[in-house]
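Source file: start_15.cif (mmCIF, C-alpha atoms)
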```
data_protein
loop_
_atom_site.label_atom_id
_atom_site.label_comp_id
_atom_site.auth_asym_id
_atom_site.auth_seq_id
_atom_site.Cartn_x
_atom_site.Cartn_y
_atom_site.Cartn_z
CA MET P 1 0.00 0.00 0.00
CA LYS P 2 1.32 3.41 -0.99
CA LEU P 3 0.80 6.34 1.37
CA LEU P 4 0.97 10.06 0.58
CA VAL P 5 1.79 12.47 3.40
CA PRO P 6 1.71 16.23 2.67
CA VAL P 7 4.01 18.28 4.93
CA LYS P 8 4.08 22.07 5.33
CA ARG P 9 6.94 24.41 6.21
CA VAL P 10 5.84 26.80 8.96
CA VAL P 11 7.38 29.04 11.61
CA ASP P 12 8.76 26.84 14.39
CA TYR P 13 6.21 26.58 17.19
CA ASN P 14 8.81 27.71 19.75
CA VAL P 15 9.30 31.05 17.96
CA LYS P 16 7.36 34.12 19.07
CA VAL P 17 5.67 35.38 15.93
CA ARG P 18 6.13 39.07 15.11
CA VAL P 19 3.87 41.13 12.85
CA LYS P 20 5.54 43.13 10.09
CA SER P 21 5.71 46.87 10.59
CA ASP P 22 3.39 47.45 7.61
CA GLN P 23 0.89 44.90 9.02
CA SER P 24 0.94 42.95 5.75
CA GLY P 25 1.75 39.64 7.45
CA VAL P 26 4.10 38.00 9.92
CA GLU P 27 7.87 38.42 9.83
CA LEU P 28 9.65 35.44 8.23
CA THR P 29 13.09 36.91 7.56
CA GLY P 30 15.68 35.20 9.73
CA VAL P 31 13.00 33.20 11.53
CA LYS P 32 13.49 29.52 12.31
CA MET P 33 11.20 27.33 10.20
CA ALA P 34 10.16 23.73 10.79
CA MET P 35 7.67 21.07 9.76
CA ASN P 36 4.11 21.70 10.88
CA PRO P 37 3.72 19.68 14.13
CA PHE P 38 0.51 17.94 12.99
CA ASP P 39 2.30 16.88 9.80
CA GLU P 40 5.04 15.33 11.92
CA ILE P 41 2.33 13.23 13.56
CA ALA P 42 1.04 12.23 10.10
CA ILE P 43 4.54 11.16 8.99
CA GLU P 44 5.00 9.17 12.21
CA GLU P 45 1.70 7.34 11.69
CA ALA P 46 2.66 6.49 8.11
CA VAL P 47 6.04 5.14 9.27
CA ARG P 48 4.34 3.03 11.93
CA LEU P 49 2.01 1.56 9.31
CA LYS P 50 5.04 0.68 7.21
CA GLU P 51 6.80 -0.89 10.20
CA ARG P 52 3.73 -3.08 10.74
CA GLY P 53 3.93 -4.26 7.14
CA ILE P 54 0.74 -2.47 6.09
CA ALA P 55 2.35 0.24 3.96
CA THR P 56 4.97 -0.44 1.32
CA GLU P 57 5.96 3.12 0.32
CA ILE P 58 5.63 6.55 1.89
CA VAL P 59 5.75 9.61 -0.37
CA ALA P 60 6.13 12.98 1.37
CA ILE P 61 4.85 16.06 -0.50
CA SER P 62 5.52 19.72 0.16
CA ILE P 63 4.23 22.77 -1.68
CA GLY P 64 6.06 26.09 -1.44
CA VAL P 65 9.43 27.75 -1.86
CA ALA P 66 12.67 25.89 -2.61
CA ALA P 67 13.54 25.83 1.09
CA CYS P 68 10.70 23.33 1.58
CA GLN P 69 13.27 20.73 0.56
CA GLU P 70 14.54 20.97 4.15
CA THR P 71 11.09 19.98 5.39
CA LEU P 72 11.03 17.06 2.98
CA ARG P 73 14.48 15.94 4.14
CA THR P 74 13.13 15.88 7.70
CA ALA P 75 10.24 13.68 6.54
CA LEU P 76 12.69 11.40 4.72
CA ALA P 77 14.87 11.18 7.83
CA MET P 78 11.80 10.16 9.86
CA GLY P 79 11.14 7.29 7.46
CA ALA P 80 9.51 8.49 4.23
CA ASP P 81 10.91 6.84 1.09
CA ARG P 82 10.88 9.72 -1.38
CA GLY P 83 9.72 13.28 -1.68
CA ILE P 84 7.87 15.51 -4.13
CA LEU P 85 8.30 19.29 -4.04
CA VAL P 86 5.82 21.48 -5.89
CA GLU P 87 7.90 24.62 -6.03
CA THR P 88 6.16 28.00 -6.04
CA ASP P 89 6.84 31.42 -4.55
CA ALA P 90 3.13 31.97 -4.06
CA ALA P 91 1.46 31.12 -0.76
CA PRO P 92 -1.16 28.63 -1.95
CA GLU P 93 -4.47 28.59 -0.15
CA PRO P 94 -6.10 25.30 0.95
CA LEU P 95 -8.16 24.89 -2.23
CA ALA P 96 -5.11 25.29 -4.49
CA VAL P 97 -3.14 22.90 -2.28
CA ALA P 98 -5.98 20.36 -2.42
CA LYS P 99 -6.12 20.62 -6.21
CA MET P 100 -2.37 19.99 -6.50
CA LEU P 101 -2.57 17.06 -4.10
CA ARG P 102 -5.45 15.62 -6.12
CA ALA P 103 -3.35 15.79 -9.29
CA ILE P 104 -0.46 14.03 -7.53
CA ALA P 105 -2.85 11.42 -6.10
CA ASP P 106 -4.20 10.75 -9.60
CA ARG P 107 -0.65 10.07 -10.73
CA GLU P 108 0.63 8.16 -7.68
CA GLN P 109 -2.56 6.16 -6.95
CA PRO P 110 -2.13 5.88 -3.16
CA ARG P 111 -4.49 3.86 -0.97
CA LEU P 112 -4.28 6.32 1.90
CA ILE P 113 -3.42 10.00 2.31
CA ILE P 114 -2.56 11.16 5.83
CA LEU P 115 -2.40 14.90 6.60
CA GLY P 116 -2.05 16.97 9.71
CA LYS P 117 -5.49 18.20 10.75
CA GLN P 118 -4.36 21.83 10.32
CA ALA P 119 -1.29 24.02 9.93
CA ILE P 120 -0.28 26.16 12.89
CA ASP P 121 0.35 29.23 10.74
CA ASP P 122 -3.21 29.77 9.50
CA ASP P 123 -5.23 27.15 11.45
CA MET P 124 -7.44 26.70 8.39
CA ASN P 125 -8.29 23.02 8.99
CA ALA P 126 -9.59 22.77 5.41
CA THR P 127 -7.12 21.04 3.09
CA GLY P 128 -7.90 17.45 4.09
CA GLN P 129 -11.64 17.95 3.77
CA MET P 130 -11.30 19.74 0.42
CA LEU P 131 -9.03 16.99 -0.91
CA ALA P 132 -11.51 14.31 0.12
CA ALA P 133 -14.28 16.19 -1.70
CA LEU P 134 -12.20 16.63 -4.87
CA LEU P 135 -11.19 12.96 -4.94
CA GLY P 136 -14.58 11.67 -3.83
CA TRP P 137 -12.92 9.62 -1.08
CA PRO P 138 -14.21 8.96 2.45
CA GLN P 139 -12.50 10.91 5.21
CA GLY P 140 -11.67 10.45 8.87
CA THR P 141 -10.69 13.81 10.35
CA PHE P 142 -9.21 14.60 13.80
CA ALA P 143 -7.91 11.03 14.09
CA SER P 144 -6.60 9.83 17.47
CA LYS P 145 -6.33 6.18 16.37
CA VAL P 146 -6.06 4.48 12.98
CA THR P 147 -6.40 0.75 12.34
CA ILE P 148 -6.23 -0.79 8.87
CA GLU P 149 -7.49 -4.26 8.02
CA GLY P 150 -7.74 -5.24 4.38
CA ASP P 151 -9.55 -2.53 2.45
CA THR P 152 -11.00 -0.83 5.53
CA ALA P 153 -9.53 1.86 7.76
CA THR P 154 -11.10 2.24 11.18
CA VAL P 155 -10.56 5.75 12.52
CA THR P 156 -11.29 7.01 16.03
CA ARG P 157 -12.10 10.71 15.81
CA GLU P 158 -11.93 13.37 18.49
CA VAL P 159 -15.23 15.29 18.43
CA ASP P 160 -16.82 17.81 20.79
CA GLY P 161 -18.88 15.13 22.53
CA GLY P 162 -15.99 12.68 23.02
CA LEU P 163 -14.85 10.03 20.56
CA GLU P 164 -16.44 8.80 17.35
CA THR P 165 -15.35 5.69 15.42
CA VAL P 166 -15.86 5.49 11.66
CA ALA P 167 -15.04 2.79 9.11
CA LEU P 168 -13.65 4.04 5.79
CA SER P 169 -13.35 2.07 2.57
CA LEU P 170 -9.90 2.59 1.04
CA PRO P 171 -8.71 4.71 -0.66
CA ALA P 172 -9.38 7.32 2.00
CA ILE P 173 -8.22 10.55 3.64
CA VAL P 174 -7.16 10.74 7.30
CA THR P 175 -6.19 13.92 9.15
CA ALA P 176 -4.03 13.51 12.26
CA ASP P 177 -4.93 15.00 15.63
CA LEU P 178 -2.55 15.68 18.51
CA ARG P 179 -3.09 12.41 20.40
CA LEU P 180 -2.63 10.07 17.42
CA ASN P 181 1.02 9.41 18.35
CA GLU P 182 4.30 10.91 19.56
CA PRO P 183 6.61 11.65 16.59
CA ARG P 184 10.08 10.19 16.77
CA TYR P 185 13.34 12.12 16.56
CA ALA P 186 15.30 11.43 13.40
CA SER P 187 18.56 9.67 14.23
CA LEU P 188 21.85 10.86 12.76
CA PRO P 189 22.23 7.76 10.53
CA ASN P 190 18.72 8.31 9.15
CA ILE P 191 19.47 12.00 8.58
CA MET P 192 22.51 10.96 6.53
CA LYS P 193 20.47 8.39 4.59
CA ALA P 194 17.82 11.00 3.87
CA ARG P 195 20.34 13.01 1.86
CA LYS P 196 20.44 10.21 -0.72
CA LYS P 197 16.69 9.71 -1.01
CA PRO P 198 15.13 11.21 -4.14
CA ILE P 199 13.11 14.42 -4.21
CA GLU P 200 11.22 15.15 -7.41
CA THR P 201 10.64 18.83 -8.19
CA MET P 202 7.79 20.18 -10.25
CA LYS P 203 5.75 23.35 -10.71
CA PRO P 204 2.03 23.97 -10.12
CA ALA P 205 1.63 24.41 -13.89
CA ASP P 206 2.81 20.81 -14.34
CA LEU P 207 -0.23 19.78 -12.34
CA GLY P 208 -2.58 22.15 -14.15
CA VAL P 209 -3.19 24.30 -11.08
CA ASP P 210 -3.00 28.07 -10.67
CA PRO P 211 -1.60 28.74 -7.16
CA ALA P 212 -2.48 32.46 -7.14
CA PRO P 213 -4.36 33.38 -3.95
CA ARG P 214 -8.07 34.15 -4.13
CA LEU P 215 -8.09 35.99 -0.81
CA THR P 216 -6.51 39.35 0.01
CA THR P 217 -5.10 40.03 3.47
CA LEU P 218 -6.10 43.53 4.46
CA LYS P 219 -4.24 43.77 7.76
CA VAL P 220 -2.51 41.58 10.34
CA VAL P 221 -2.36 42.79 13.95
CA GLU P 222 -1.19 41.28 17.21
CA PRO P 223 -3.79 40.22 19.77
CA ALA P 224 -4.67 42.89 22.31
CA LYS P 225 -2.54 42.77 25.42
CA ARG P 226 -4.25 41.45 28.51
CA VAL P 227 -5.09 44.02 31.14
CA ALA P 228 -3.51 43.41 34.56
CA GLY P 229 -5.80 41.98 37.21
CA LYS P 230 -6.95 43.84 40.32
CA LYS P 231 -7.19 42.78 43.93
CA VAL P 232 -10.28 43.57 45.94
CA GLY P 233 -10.57 43.87 49.68
CA SER P 234 -14.00 42.35 50.25
CA VAL P 235 -16.84 40.42 48.66
CA ALA P 236 -18.92 43.59 48.57
CA GLU P 237 -16.20 45.35 46.55
CA LEU P 238 -15.95 42.36 44.21
CA VAL P 239 -19.70 42.41 43.58
CA GLU P 240 -19.60 46.14 42.94
CA LYS P 241 -16.79 45.79 40.38
CA LEU P 242 -18.51 42.89 38.68
CA ARG P 243 -21.65 44.97 38.45
CA GLY P 244 -20.00 48.14 37.24
CA GLU P 245 -16.83 47.14 35.38
CA ALA P 246 -17.09 43.56 34.18
CA LYS P 247 -17.86 43.14 30.48
CA VAL P 248 -20.24 40.51 29.17
CA ILE P 249 -18.62 38.63 26.26
#
```
Let's see the structure in the file written out as structure tokens.
Amino acid sequence: MKLLVPVKRVVDYNVKVRVKSDQSGVELTGVKMAMNPFDEIAIEEAVRLKERGIATEIVAISIGVAACQETLRTALAMGADRGILVETDAAPEPLAVAKMLRAIADREQPRLIILGKQAIDDDMNATGQMLAALLGWPQGTFASKVTIEGDTATVTREVDGGLETVALSLPAIVTADLRLNEPRYASLPNIMKARKKPIETMKPADLGVDPAPRLTTLKVVEPAKRVAGKKVGSVAELVEKLRGEAKVI
């Protein structure tokens, strides 16, 4: 079984994000970048499926600037077999990404595509669902457990009311939630081996997709700073402040 795992290059989650002075976006110059944490979980799950003899090949895919090769090398070091980079200087939105992934899926013919449930830079949580719709495949989103037997994937989903279990006929789409697994650290030998694994490079035009954004960002601002708390001397004073100063949200 072939698996596809899209991975996105984002600002490292340990970095404090700064807004550009012109409020056109966030500052990326000189900022440490890394693989989206939910995509790391997706890669780990794919590698575990291969270790159990369920998957035969893992193809990691990244869409973005040339530096996304670093993200693909990380995926290869974690256990992916080869990489595909769709190189573009544009910042593709989820629909364009889903269209490119559909074109690659049509060519690669995977039985399962595992994605992170969302990227931490935009928190869109849309690409997996859009891809499932474009391919006409069943989907199991927010997965905390995945079991594959034959042509069926059983996915435990994290929903507002608790857990939901769905059975999907392969091929299918699964999006990884936080509790699906704990990603491994790539060992030095595997990092060295990853340098020799192939990465195919193509352009969005090769897939028949226009990556130009359909949305325009008007302004990006930092969240409002929290106001310092106040101490009160009595219950009566607390009630008075709640009555006169507290805001109903």
Rounded to one decimal place, report the CA of Phe142 (chain P)-CA of Pro92 (chain P) distance in Å. 22.6 Å
One decimal, Å: what's the distance from CA of Met130 (chain P) over to CA of Val174 (chain P), could you say?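 Going from CA of Met130 (chain P) over to CA of Val174 (chain P), I get 12.1 Å.
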Go through P:Ala105, P:Leu3, P:Val65, P:Met100 one by one, measure the shortest atom-to-atom distance of each to Asp81 (chain P) using only C-alpha atoms, and give the residue with the smallest value.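 For Asp81 (chain P), the nearest of the candidates is P:Leu3.
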One-decimal distance in Å that lies between CA of Phe38 (chain P) and CA of Leu134 (chain P):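 Separating CA of Leu134 (chain P) from CA of Phe38 (chain P) is a distance of 22.0 Å.
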Report as a list in words the residues that result from applying the PyMOL selection byres ((chain P and resi 111) around 10) to the structure here.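 Written out, the selection comes to Met1, Lys2, Leu3, Leu4, Ala55, Ala105, Glu108, Gln109, Pro110, Leu112, Ile113, Asp151, Ser169, Leu170, Pro171, Ala172 and Ile173 of chain P.
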Around the point (2.1, 26.8, 10.4) in the file's coordinates, collect all residues with an atom within 9 Å, using only C-alpha atoms, and return them as a list in words.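 These residues have at least one counted atom within 9 Å: Lys8, Arg9, Val10, Val11, Asp12, Tyr13, Ala34, Met35, Asn36, Pro37, Gln118, Ala119, Ile120, Asp121, Asp122 and Asp123 of chain P.
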Selected by the PyMOL selection byres ((chain P and resi 195-212) around 7) in the shown coordinates: which residues, as a list of chain:residue names?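 Taken on the displayed file, the PyMOL selection byres ((chain P and resi 195-212) around 7) yields the residues P:Arg73, P:Asp81, P:Arg82, P:Gly83, P:Ile84, P:Leu85, P:Val86, P:Glu87, P:Thr88, P:Ala90, P:Pro92, P:Ala96, P:Lys99, P:Met100, P:Ala103, P:Ile191, P:Met192, P:Lys193, P:Ala194, P:Pro213, P:Arg214.
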With distances taken over only C-alpha atoms, which residue among P:Val159, P:Leu215, P:Ala67, P:Ile58 lies nearest Pro94 (chain P)?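 Checking each of P:Val159, P:Leu215, P:Ala67, P:Ile58 against Pro94 (chain P), counting only C-alpha atoms, the winner is P:Leu215.
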Can you put N, CA and C atoms back into region 98-121 of chain P and show it as a compact mmCIF listing (two decimals), keeping the file's coordinate frame?
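Written file, result20.txt:
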```
# COMPACT_ATOMS: atom_id res chain seq x y z
N ALA P 98 -5.18 21.58 -2.22
CA ALA P 98 -5.98 20.36 -2.42
C ALA P 98 -6.01 19.96 -3.89
N LYS P 99 -6.11 20.93 -4.78
CA LYS P 99 -6.12 20.62 -6.21
C LYS P 99 -4.79 20.01 -6.66
N MET P 100 -3.68 20.55 -6.14
CA MET P 100 -2.37 19.99 -6.50
C MET P 100 -2.20 18.59 -5.93
N LEU P 101 -2.66 18.39 -4.70
CA LEU P 101 -2.57 17.06 -4.10
C LEU P 101 -3.45 16.07 -4.86
N ARG P 102 -4.60 16.52 -5.33
CA ARG P 102 -5.45 15.62 -6.12
C ARG P 102 -4.73 15.19 -7.39
N ALA P 103 -4.07 16.13 -8.06
CA ALA P 103 -3.35 15.79 -9.29
C ALA P 103 -2.23 14.78 -9.01
N ILE P 104 -1.53 14.98 -7.89
CA ILE P 104 -0.46 14.03 -7.53
C ILE P 104 -1.06 12.68 -7.16
N ALA P 105 -2.19 12.68 -6.46
CA ALA P 105 -2.85 11.42 -6.10
C ALA P 105 -3.31 10.68 -7.34
N ASP P 106 -3.80 11.40 -8.34
CA ASP P 106 -4.20 10.75 -9.60
C ASP P 106 -3.02 10.06 -10.26
N ARG P 107 -1.85 10.66 -10.12
CA ARG P 107 -0.65 10.07 -10.73
C ARG P 107 -0.08 8.94 -9.89
N GLU P 108 -0.03 9.13 -8.57
CA GLU P 108 0.63 8.16 -7.68
C GLU P 108 -0.27 6.99 -7.28
N GLN P 109 -1.59 7.21 -7.31
CA GLN P 109 -2.56 6.16 -6.95
C GLN P 109 -2.31 5.56 -5.56
N PRO P 110 -2.30 6.39 -4.53
CA PRO P 110 -2.13 5.88 -3.16
C PRO P 110 -3.43 5.25 -2.66
N ARG P 111 -3.30 4.44 -1.62
CA ARG P 111 -4.49 3.86 -0.97
C ARG P 111 -4.91 4.69 0.24
N LEU P 112 -3.98 5.51 0.73
CA LEU P 112 -4.28 6.32 1.90
C LEU P 112 -3.46 7.60 1.85
N ILE P 113 -4.11 8.73 2.18
CA ILE P 113 -3.42 10.00 2.31
C ILE P 113 -3.61 10.47 3.74
N ILE P 114 -2.51 10.71 4.44
CA ILE P 114 -2.56 11.16 5.83
C ILE P 114 -2.02 12.58 5.90
N LEU P 115 -2.81 13.51 6.45
CA LEU P 115 -2.40 14.90 6.60
C LEU P 115 -2.51 15.30 8.06
N GLY P 116 -1.78 16.35 8.43
CA GLY P 116 -2.05 16.97 9.71
C GLY P 116 -3.43 17.61 9.65
N LYS P 117 -4.12 17.67 10.79
CA LYS P 117 -5.49 18.20 10.75
C LYS P 117 -5.52 19.68 10.37
N GLN P 118 -4.43 20.42 10.67
CA GLN P 118 -4.36 21.83 10.32
C GLN P 118 -2.91 22.28 10.42
N ALA P 119 -2.61 23.42 9.81
CA ALA P 119 -1.29 24.02 9.93
C ALA P 119 -1.33 25.10 11.00
N ILE P 120 -0.27 25.22 11.77
CA ILE P 120 -0.28 26.16 12.89
C ILE P 120 -0.09 27.60 12.45
N ASP P 121 0.18 27.84 11.17
CA ASP P 121 0.35 29.23 10.74
C ASP P 121 -0.99 29.91 10.41
```
